[in-house]
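Participant: Before we start, here is the structure in question, set down as structure tokens.
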Amino acid sequence: MDKKIYFDNAATTKVRPEVYQEILPYLDEMYANPSSVYTIARDSKKAIDKAREQVANAINATTREIYFTSGGTESDNWAIKGVADAYKNKGKHIITSSIEHHAVLHTCEYLEKQGFKVTYLPVDKYGLINLEDLKSAITDETILVSIMFANNEIGTIEPIKEIGKITREKGIIFHTDAVQAIGHVPIDVKDMNIDLLSMSGHKIYGPKGTGALYVRKGVRITQFIHGGAQEFNRRGGTENVCGIVGLGKAIELATSEMEEENKRLLELRQTIIDGILNTVPYTHLNGHPEQRLSNNVNITFDFIEGESILLMLDFKGIEASSGSACTSGSLDPSHVLLALGLPHEKAHGSVRITLGRYNTKEEAEFLLKELPPIIERLRNMSPLWEDFLKSNK
Ligand SMILES: *Cc1c(COP(=O)(O)O)cnc(C)c1O
């Protein structure tokens, strides 16, 4: 195949043409500052209002509950620091999980240095938190629970509705990082009792540097960026009109096409998972077999390094990942795989393949043809494999 095959859709996605077309006018004649009073400024303002409606509709929120941000990382930072600050007189305890994205984990670590106490809930071998663990971690001091909707490395979908039931009963704020879930899993913030929810544009075919935070009416949150009166006086700075327009369109498309696209992706995902597990020995699926994102494949190949697999796949024009984009380049194994109980060498031997709307059946078949000989070659060079063969003679 001459064309590159992009299997890293959890890292980022290509802006889709409908989104790109929607943005174009705002890079051109529609450049007015939405806070100004003349006609074209009102058009910019209207474009933002429309995007806010698109985002709100996607999760069953109201427009007044949606704040535009610079992405998932900012939304996570704002949600956690903003709630911690607003409720610190009530208590200084936060509960999260050990498999969160670094945007959540590092924010919690920062708050620990500021005198907050953080409980990092463990997960089972599939990456699921235990609801009994959550209940027993809650104290009178607990002000916030932050648990991700779906994990970006292993695709496991957490029991969000059940968590929301527990936190609402106890009167504790519930934030969820839904960056990987939106457009893949139906989300209803009211039905699920979610108080804050983070979204990002570039994981769903929108532009990078765009995101939103849902904050339920009545939940207090400290202002994060001080400046002008934009975003209901809560986040200053002239709006990223192009980005906001793109995010709105991307979320609208992703949610309206979700059901149909999920069916297609699910079939593709299973073809790849079954194809690898059935043809390559000593391989294991990471994450939950069913309660997982329709686009996520994460597999450990015993005795070899994920990084070498990636290099050889790249040689064939196949672009995959060994985990999150944030940890590649570092030699530390993924904190998510370690939290599942994988030993270091198995965590190092893992490859993540994340599918998207542009991936085809032919591409999946190409992967299934190219991968087994790569694994065989690498194992033939691996001292671990050699030791294993000797010990099994
Ligand atoms: C990508 C990602 C983020 C960060 O979003 P950005 O828009 O890139 O800042 C946060 N959480 C999860 C689960 C992600 O996958």
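By order of appearance in the structure tokens: chains A, B, ..., then residues from 1 within every chain, and ligands from 1 in the order shown.
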Go through region 117-164 of chain A and collect every residue that DSSP, computed from the backbone, puts in helix (DSSP H, G or I); the answer should be as a list of chain:residue names.

Facilitator: A:Leu131, A:Glu132, A:Asp133, A:Leu134, A:Lys135, A:Ser136, A:Ala137, A:Ile160, A:Lys161, A:Glu162, A:Ile163, A:Gly164

Participant: Save out the residues we just selected, N, CA, C and O atoms, as a PDB file, in the first residue's frame.

Facilitator:
```pdb
ATOM      1  N   LEU A 131     -17.140   0.151  42.377  1.00  0.00           N
ATOM      2  CA  LEU A 131     -18.048   1.120  43.001  1.00  0.00           C
ATOM      3  C   LEU A 131     -18.010   1.040  44.527  1.00  0.00           C
ATOM      4  O   LEU A 131     -18.209   2.054  45.212  1.00  0.00           O
ATOM      5  N   GLU A 132     -17.737  -0.153  45.050  1.00  0.00           N
ATOM      6  CA  GLU A 132     -17.628  -0.285  46.512  1.00  0.00           C
ATOM      7  C   GLU A 132     -16.386   0.466  47.011  1.00  0.00           C
ATOM      8  O   GLU A 132     -16.408   1.102  48.062  1.00  0.00           O
ATOM      9  N   ASP A 133     -15.286   0.382  46.238  1.00  0.00           N
ATOM     10  CA  ASP A 133     -14.074   1.147  46.576  1.00  0.00           C
ATOM     11  C   ASP A 133     -14.392   2.638  46.626  1.00  0.00           C
ATOM     12  O   ASP A 133     -13.944   3.357  47.516  1.00  0.00           O
ATOM     13  N   LEU A 134     -15.166   3.076  45.636  1.00  0.00           N
ATOM     14  CA  LEU A 134     -15.520   4.494  45.575  1.00  0.00           C
ATOM     15  C   LEU A 134     -16.312   4.888  46.817  1.00  0.00           C
ATOM     16  O   LEU A 134     -15.985   5.868  47.497  1.00  0.00           O
ATOM     17  N   LYS A 135     -17.342   4.091  47.133  1.00  0.00           N
ATOM     18  CA  LYS A 135     -18.188   4.406  48.291  1.00  0.00           C
ATOM     19  C   LYS A 135     -17.353   4.482  49.563  1.00  0.00           C
ATOM     20  O   LYS A 135     -17.541   5.391  50.376  1.00  0.00           O
ATOM     21  N   SER A 136     -16.435   3.514  49.734  1.00  0.00           N
ATOM     22  CA  SER A 136     -15.701   3.521  51.000  1.00  0.00           C
ATOM     23  C   SER A 136     -14.598   4.576  51.027  1.00  0.00           C
ATOM     24  O   SER A 136     -14.080   4.900  52.101  1.00  0.00           O
ATOM     25  N   ALA A 137     -14.252   5.141  49.867  1.00  0.00           N
ATOM     26  CA  ALA A 137     -13.242   6.211  49.858  1.00  0.00           C
ATOM     27  C   ALA A 137     -13.841   7.560  50.236  1.00  0.00           C
ATOM     28  O   ALA A 137     -13.133   8.485  50.647  1.00  0.00           O
ATOM     29  N   ILE A 160     -20.263   5.209  34.498  1.00  0.00           N
ATOM     30  CA  ILE A 160     -20.481   6.631  34.796  1.00  0.00           C
ATOM     31  C   ILE A 160     -21.833   6.888  35.463  1.00  0.00           C
ATOM     32  O   ILE A 160     -21.927   7.637  36.433  1.00  0.00           O
ATOM     33  N   LYS A 161     -22.881   6.251  34.955  1.00  0.00           N
ATOM     34  CA  LYS A 161     -24.208   6.502  35.524  1.00  0.00           C
ATOM     35  C   LYS A 161     -24.264   6.047  36.988  1.00  0.00           C
ATOM     36  O   LYS A 161     -24.844   6.729  37.836  1.00  0.00           O
ATOM     37  N   GLU A 162     -23.618   4.923  37.277  1.00  0.00           N
ATOM     38  CA  GLU A 162     -23.604   4.404  38.651  1.00  0.00           C
ATOM     39  C   GLU A 162     -22.787   5.322  39.560  1.00  0.00           C
ATOM     40  O   GLU A 162     -23.150   5.545  40.716  1.00  0.00           O
ATOM     41  N   ILE A 163     -21.695   5.866  39.028  1.00  0.00           N
ATOM     42  CA  ILE A 163     -20.876   6.800  39.818  1.00  0.00           C
ATOM     43  C   ILE A 163     -21.698   8.055  40.112  1.00  0.00           C
ATOM     44  O   ILE A 163     -21.737   8.550  41.241  1.00  0.00           O
ATOM     45  N   GLY A 164     -22.396   8.552  39.091  1.00  0.00           N
ATOM     46  CA  GLY A 164     -23.210   9.758  39.251  1.00  0.00           C
ATOM     47  C   GLY A 164     -24.301   9.580  40.298  1.00  0.00           C
ATOM     48  O   GLY A 164     -24.643  10.521  41.029  1.00  0.00           O
TER      49      GLY A 164
END
```

Participant: List as a compact mmCIF listing (two decimals) with all heavy atoms, in the first residue's frame the protein and nucleic acid residues lying within 6 Å of ligand 1, with only C-alpha atoms and all ligand atoms counted.

Facilitator:
```
# COMPACT_ATOMS: atom_id res chain seq x y z
N GLY A 71 -9.22 23.27 25.01
CA GLY A 71 -9.07 21.82 24.78
C GLY A 71 -9.36 21.01 26.02
O GLY A 71 -9.74 21.53 27.07
N GLY A 72 -9.17 19.71 25.88
CA GLY A 72 -9.44 18.79 26.98
C GLY A 72 -8.58 19.08 28.19
O GLY A 72 -9.05 19.01 29.34
N THR A 73 -7.32 19.41 27.97
CA THR A 73 -6.41 19.66 29.09
C THR A 73 -6.86 20.85 29.91
O THR A 73 -6.91 20.79 31.15
CB THR A 73 -4.98 19.89 28.55
OG1 THR A 73 -4.59 18.73 27.81
CG2 THR A 73 -4.00 20.13 29.68
N HIS A 101 -6.12 10.44 32.47
CA HIS A 101 -5.19 11.16 31.60
C HIS A 101 -4.32 12.08 32.48
O HIS A 101 -4.75 12.50 33.55
CB HIS A 101 -6.01 12.01 30.62
CG HIS A 101 -5.21 12.65 29.53
ND1 HIS A 101 -4.55 13.85 29.69
CD2 HIS A 101 -4.96 12.25 28.26
CE1 HIS A 101 -3.94 14.17 28.56
NE2 HIS A 101 -4.17 13.21 27.67
N ALA A 103 -3.73 15.07 32.24
CA ALA A 103 -4.37 16.37 32.49
C ALA A 103 -5.13 16.35 33.81
O ALA A 103 -5.24 17.37 34.49
CB ALA A 103 -5.32 16.72 31.34
N ASN A 151 -11.30 5.36 28.79
CA ASN A 151 -9.85 5.52 28.85
C ASN A 151 -9.23 5.63 27.45
O ASN A 151 -9.59 4.88 26.54
CB ASN A 151 -9.21 4.36 29.63
CG ASN A 151 -7.73 4.55 29.79
OD1 ASN A 151 -6.95 4.15 28.93
ND2 ASN A 151 -7.33 5.21 30.87
N ASN A 152 -8.26 6.54 27.33
CA ASN A 152 -7.66 6.81 26.03
C ASN A 152 -6.66 5.75 25.58
O ASN A 152 -6.33 5.66 24.41
CB ASN A 152 -6.99 8.18 26.04
CG ASN A 152 -6.11 8.40 27.25
OD1 ASN A 152 -6.56 8.27 28.38
ND2 ASN A 152 -4.86 8.70 27.03
N ASP A 177 -13.92 13.26 32.58
CA ASP A 177 -13.17 13.58 31.36
C ASP A 177 -13.77 12.71 30.25
O ASP A 177 -13.53 11.50 30.20
CB ASP A 177 -11.68 13.25 31.60
CG ASP A 177 -10.83 13.41 30.34
OD1 ASP A 177 -11.40 13.44 29.23
OD2 ASP A 177 -9.60 13.50 30.48
N VAL A 179 -13.37 13.17 26.96
CA VAL A 179 -12.71 13.50 25.69
C VAL A 179 -12.77 12.32 24.71
O VAL A 179 -13.03 12.50 23.53
CB VAL A 179 -11.25 13.94 25.93
CG1 VAL A 179 -10.48 14.03 24.61
CG2 VAL A 179 -11.20 15.28 26.65
N GLN A 180 -12.56 11.09 25.21
CA GLN A 180 -12.57 9.93 24.31
C GLN A 180 -13.98 9.38 24.11
O GLN A 180 -14.20 8.59 23.19
CB GLN A 180 -11.67 8.82 24.85
CG GLN A 180 -10.19 9.15 24.85
CD GLN A 180 -9.57 9.22 23.46
OE1 GLN A 180 -10.09 8.68 22.50
NE2 GLN A 180 -8.43 9.89 23.37
N SER A 200 -13.10 17.73 23.97
CA SER A 200 -12.03 18.28 23.13
C SER A 200 -12.43 18.16 21.67
O SER A 200 -13.14 17.23 21.29
CB SER A 200 -10.73 17.50 23.39
OG SER A 200 -9.73 17.90 22.47
```

Participant: In terms of the shortest atom-to-atom distance over only C-alpha atoms, which of A:Thr300, A:Leu196, A:Asp314, A:Glu319 is closest to Glu345 (chain A)?

Facilitator: A:Thr300

Participant: Check which residues of region 136-190 of chain A sit at most 10 Å from region 47-67 of chain A using only C-alpha atoms, and return one row each with the closest pair of atoms and their distance in Å to one decimal, ordered by chain and rising number, as a tab-separated table.

Facilitator:
```
residue	atom	partner	partner_atom	distance
A:Ile182	CA	A:Ala58	CA	8.4
A:Gly183	CA	A:Ala58	CA	8.6
A:Pro186	CA	A:Ile59	CA	7.9
A:Ile187	CA	A:Ile59	CA	5.2
A:Asp188	CA	A:Ile59	CA	4.9
A:Val189	CA	A:Ile59	CA	5.9
A:Lys190	CA	A:Asn60	CA	6.8
```

Participant: Please determine, counting only C-alpha atoms, which residue among A:Lys113, A:Arg42, A:His202, A:His175 has the shortest atom-to-atom distance to Arg216 (chain A).

Facilitator: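 The closest residue to Arg216 (chain A) is A:His175.
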
Participant: Where does region 31-143 of chain A meet region 238-243 of chain A within 10 Å, residue by residue, with the nearest atom pair and distance in Å to one decimal for each, counting only C-alpha atoms, listed by chain and rising number, as JSON lines?

Facilitator:
```
{"residue": "A:Tyr31", "atom": "CA", "partner": "A:Val241", "partner_atom": "CA", "distance": 8.5}
{"residue": "A:Ala32", "atom": "CA", "partner": "A:Val241", "partner_atom": "CA", "distance": 9.3}
{"residue": "A:Asn33", "atom": "CA", "partner": "A:Thr238", "partner_atom": "CA", "distance": 7.2}
{"residue": "A:Pro34", "atom": "CA", "partner": "A:Glu239", "partner_atom": "CA", "distance": 7.5}
{"residue": "A:Ser35", "atom": "CA", "partner": "A:Thr238", "partner_atom": "CA", "distance": 8.0}
{"residue": "A:Ser44", "atom": "CA", "partner": "A:Val241", "partner_atom": "CA", "distance": 7.0}
{"residue": "A:Lys45", "atom": "CA", "partner": "A:Val241", "partner_atom": "CA", "distance": 8.5}
{"residue": "A:Ala47", "atom": "CA", "partner": "A:Val241", "partner_atom": "CA", "distance": 7.7}
{"residue": "A:Ile48", "atom": "CA", "partner": "A:Val241", "partner_atom": "CA", "distance": 6.7}
{"residue": "A:Ala51", "atom": "CA", "partner": "A:Val241", "partner_atom": "CA", "distance": 9.6}
{"residue": "A:Phe68", "atom": "CA", "partner": "A:Glu239", "partner_atom": "CA", "distance": 8.2}
{"residue": "A:Thr69", "atom": "CA", "partner": "A:Asn240", "partner_atom": "CA", "distance": 8.8}
{"residue": "A:Ser70", "atom": "CA", "partner": "A:Asn240", "partner_atom": "CA", "distance": 8.4}
```

Participant: Find the residue from A:Val15, A:Ile154, A:Ile94, A:Ala178 that sits nearest to Leu285 (chain A); use only C-alpha atoms when measuring.

Facilitator: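 Counting only C-alpha atoms, the residue closest to Leu285 (chain A) is A:Ile154.
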
Participant: Work out how far CA of Gly349 (chain A) is from CA of Gln270 (chain A), in Å to one decimal.

Facilitator: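 That distance, rounded to one decimal, is 20.6 Å.
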
Participant: For His348 (chain A), work out the shell of residues within 10 Å, counting only C-alpha atoms and skipping chain neighbours fewer than 3 positions away, then give it as a PyMOL selection string.

Facilitator: chain A and resi 300-307+322-323+331-334+337-338+342-345+351

Participant: Pull the closest atom pair for each residue of region 210-262 of chain A that gets at most 12 Å from region 352-371 of chain A, along with the distance in Å to one decimal, counting only C-alpha atoms, ordering rows by chain and then ascending residue number, as a tab-separated table.

Facilitator:
```
residue	atom	partner	partner_atom	distance
A:Leu253	CA	A:Arg357	CA	11.7
A:Ala254	CA	A:Arg357	CA	10.0
A:Glu257	CA	A:Arg357	CA	10.4
A:Met258	CA	A:Arg357	CA	10.6
A:Glu260	CA	A:Arg357	CA	10.9
A:Glu261	CA	A:Arg357	CA	7.4
A:Asn262	CA	A:Arg357	CA	9.6
```

Participant: What is the distance between CA of His284 (chain A) and CA of Lys316 (chain A), in Å to one decimal?

Facilitator: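 CA of His284 (chain A) sits 23.0 Å away from CA of Lys316 (chain A).
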
Participant: Show which residues sit within 7 Å of Phe224 (chain A), as a PDB file with all heavy atoms, in the first residue's frame. Count only C-alpha atoms, and ignore same-chain residues fewer than 2 positions away.

Facilitator:
```pdb
ATOM      1  N   TRP A  78      -9.365  23.240  34.656  1.00  0.00           N
ATOM      2  CA  TRP A  78     -10.324  24.201  35.186  1.00  0.00           C
ATOM      3  C   TRP A  78     -11.341  23.505  36.091  1.00  0.00           C
ATOM      4  O   TRP A  78     -11.623  23.967  37.211  1.00  0.00           O
ATOM      5  CB  TRP A  78     -11.019  24.927  34.033  1.00  0.00           C
ATOM      6  CG  TRP A  78     -11.910  26.054  34.468  1.00  0.00           C
ATOM      7  CD1 TRP A  78     -11.964  26.640  35.702  1.00  0.00           C
ATOM      8  CD2 TRP A  78     -12.877  26.726  33.658  1.00  0.00           C
ATOM      9  NE1 TRP A  78     -12.904  27.632  35.711  1.00  0.00           N
ATOM     10  CE2 TRP A  78     -13.473  27.710  34.476  1.00  0.00           C
ATOM     11  CE3 TRP A  78     -13.287  26.603  32.327  1.00  0.00           C
ATOM     12  CZ2 TRP A  78     -14.479  28.567  33.997  1.00  0.00           C
ATOM     13  CZ3 TRP A  78     -14.284  27.457  31.854  1.00  0.00           C
ATOM     14  CH2 TRP A  78     -14.870  28.418  32.674  1.00  0.00           C
ATOM     15  N   GLY A  82     -10.860  24.528  39.720  1.00  0.00           N
ATOM     16  CA  GLY A  82     -11.956  25.473  39.960  1.00  0.00           C
ATOM     17  C   GLY A  82     -12.906  24.987  41.033  1.00  0.00           C
ATOM     18  O   GLY A  82     -13.363  25.771  41.873  1.00  0.00           O
ATOM     19  N   THR A 222     -14.414  28.376  40.399  1.00  0.00           N
ATOM     20  CA  THR A 222     -13.652  29.620  40.376  1.00  0.00           C
ATOM     21  C   THR A 222     -13.223  29.932  38.957  1.00  0.00           C
ATOM     22  O   THR A 222     -12.912  29.041  38.183  1.00  0.00           O
ATOM     23  CB  THR A 222     -12.393  29.483  41.261  1.00  0.00           C
ATOM     24  OG1 THR A 222     -12.795  28.966  42.513  1.00  0.00           O
ATOM     25  CG2 THR A 222     -11.711  30.809  41.467  1.00  0.00           C
ATOM     26  N   HIS A 226      -8.479  35.051  33.984  1.00  0.00           N
ATOM     27  CA  HIS A 226      -8.997  36.373  34.306  1.00  0.00           C
ATOM     28  C   HIS A 226      -8.775  37.305  33.126  1.00  0.00           C
ATOM     29  O   HIS A 226      -7.741  37.255  32.475  1.00  0.00           O
ATOM     30  CB  HIS A 226      -8.317  36.913  35.563  1.00  0.00           C
ATOM     31  CG  HIS A 226      -8.563  36.041  36.757  1.00  0.00           C
ATOM     32  ND1 HIS A 226      -9.592  36.256  37.640  1.00  0.00           N
ATOM     33  CD2 HIS A 226      -7.949  34.914  37.169  1.00  0.00           C
ATOM     34  CE1 HIS A 226      -9.592  35.309  38.556  1.00  0.00           C
ATOM     35  NE2 HIS A 226      -8.589  34.470  38.297  1.00  0.00           N
ATOM     36  N   ARG A 234     -16.517  34.047  32.967  1.00  0.00           N
ATOM     37  CA  ARG A 234     -15.786  32.984  33.644  1.00  0.00           C
ATOM     38  C   ARG A 234     -14.450  32.668  32.977  1.00  0.00           C
ATOM     39  O   ARG A 234     -13.565  32.071  33.561  1.00  0.00           O
ATOM     40  CB  ARG A 234     -16.639  31.701  33.669  1.00  0.00           C
ATOM     41  CG  ARG A 234     -17.819  31.776  34.620  1.00  0.00           C
ATOM     42  CD  ARG A 234     -17.491  31.041  35.896  1.00  0.00           C
ATOM     43  NE  ARG A 234     -18.558  31.006  36.876  1.00  0.00           N
ATOM     44  CZ  ARG A 234     -19.541  30.110  36.892  1.00  0.00           C
ATOM     45  NH1 ARG A 234     -19.634  29.208  35.934  1.00  0.00           N
ATOM     46  NH2 ARG A 234     -20.413  30.107  37.860  1.00  0.00           N
ATOM     47  N   ARG A 235     -14.321  32.997  31.674  1.00  0.00           N
ATOM     48  CA  ARG A 235     -13.056  32.709  30.992  1.00  0.00           C
ATOM     49  C   ARG A 235     -12.780  33.860  30.024  1.00  0.00           C
ATOM     50  O   ARG A 235     -13.337  33.928  28.927  1.00  0.00           O
ATOM     51  CB  ARG A 235     -13.106  31.398  30.223  1.00  0.00           C
ATOM     52  CG  ARG A 235     -11.749  31.048  29.603  1.00  0.00           C
ATOM     53  CD  ARG A 235     -11.849  29.885  28.644  1.00  0.00           C
ATOM     54  NE  ARG A 235     -10.542  29.468  28.144  1.00  0.00           N
ATOM     55  CZ  ARG A 235      -9.996  29.899  27.015  1.00  0.00           C
ATOM     56  NH1 ARG A 235     -10.608  30.793  26.253  1.00  0.00           N
ATOM     57  NH2 ARG A 235      -8.808  29.430  26.628  1.00  0.00           N
TER      58      ARG A 235
END
```

Participant: What residues in region 129-375 of chain A get the DSSP label strand (DSSP E)? Please answer as a PyMOL selection string.

Facilitator: chain A and resi 142-146+173-177+196-200+211-215+283-285+296-301+318-319+350-354

Participant: Kindly indicate which residue among A:Lys14, A:Glu158, A:Lys4, A:Thr39 lies nearest to Lys208 (chain A), using only C-alpha atoms for the distances.

Facilitator: A:Lys14

Participant: Could you name the residues that touch Glu141 (chain A) at 9 Å or less, counting only C-alpha atoms, but leaving out those on the same chain fewer than 3 positions away, as a PyMOL selection string?

Facilitator: chain A and resi 90-94+138

Participant: From the set A:Ile173, A:Val19, A:Ile99, A:Met199, which residue has the shortest atom-to-atom contact distance to Ile221 (chain A), counting only C-alpha atoms?

Facilitator: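 Between A:Ile173, A:Val19, A:Ile99, A:Met199, the residue approaching Ile221 (chain A) most closely is A:Ile173.
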
Participant: Hey, can you check how far CA of Ile23 (chain A) sits from CA of Ala10 (chain A)?

Facilitator: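 Spanning CA of Ile23 (chain A) to CA of Ala10 (chain A) is a straight-line distance of 22.7 Å.
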
Participant: Listing only residues of region 273-338 of chain A within 9 Å of region 120-125 of chain A, what is the closest atom pair and its distance in Å (to one decimal) for each, using only C-alpha atoms, sorted by chain and residue number ascending, as a Markdown table?

Facilitator:
```
| residue | atom | partner | partner_atom | distance |
| --- | --- | --- | --- | --- |
| A:Asn286 | CA | A:Lys125 | CA | 8.3 |
| A:Gly287 | CA | A:Lys125 | CA | 7.4 |
| A:His288 | CA | A:Lys125 | CA | 8.2 |
```

Participant: Kindly save the residues from that selection, with N, CA, C and O atoms included, as a PDB file, in the first residue's frame.

Facilitator:
```pdb
ATOM      1  N   ASN A 286      -5.670  -5.849  26.057  1.00  0.00           N
ATOM      2  CA  ASN A 286      -5.739  -5.006  27.253  1.00  0.00           C
ATOM      3  C   ASN A 286      -7.043  -4.225  27.247  1.00  0.00           C
ATOM      4  O   ASN A 286      -7.485  -3.764  26.198  1.00  0.00           O
ATOM      5  N   GLY A 287      -7.627  -4.053  28.435  1.00  0.00           N
ATOM      6  CA  GLY A 287      -8.899  -3.347  28.533  1.00  0.00           C
ATOM      7  C   GLY A 287     -10.048  -4.336  28.548  1.00  0.00           C
ATOM      8  O   GLY A 287      -9.852  -5.545  28.423  1.00  0.00           O
ATOM      9  N   HIS A 288     -11.252  -3.825  28.710  1.00  0.00           N
ATOM     10  CA  HIS A 288     -12.426  -4.690  28.814  1.00  0.00           C
ATOM     11  C   HIS A 288     -12.822  -5.235  27.444  1.00  0.00           C
ATOM     12  O   HIS A 288     -12.820  -4.498  26.467  1.00  0.00           O
TER      13      HIS A 288
END
```
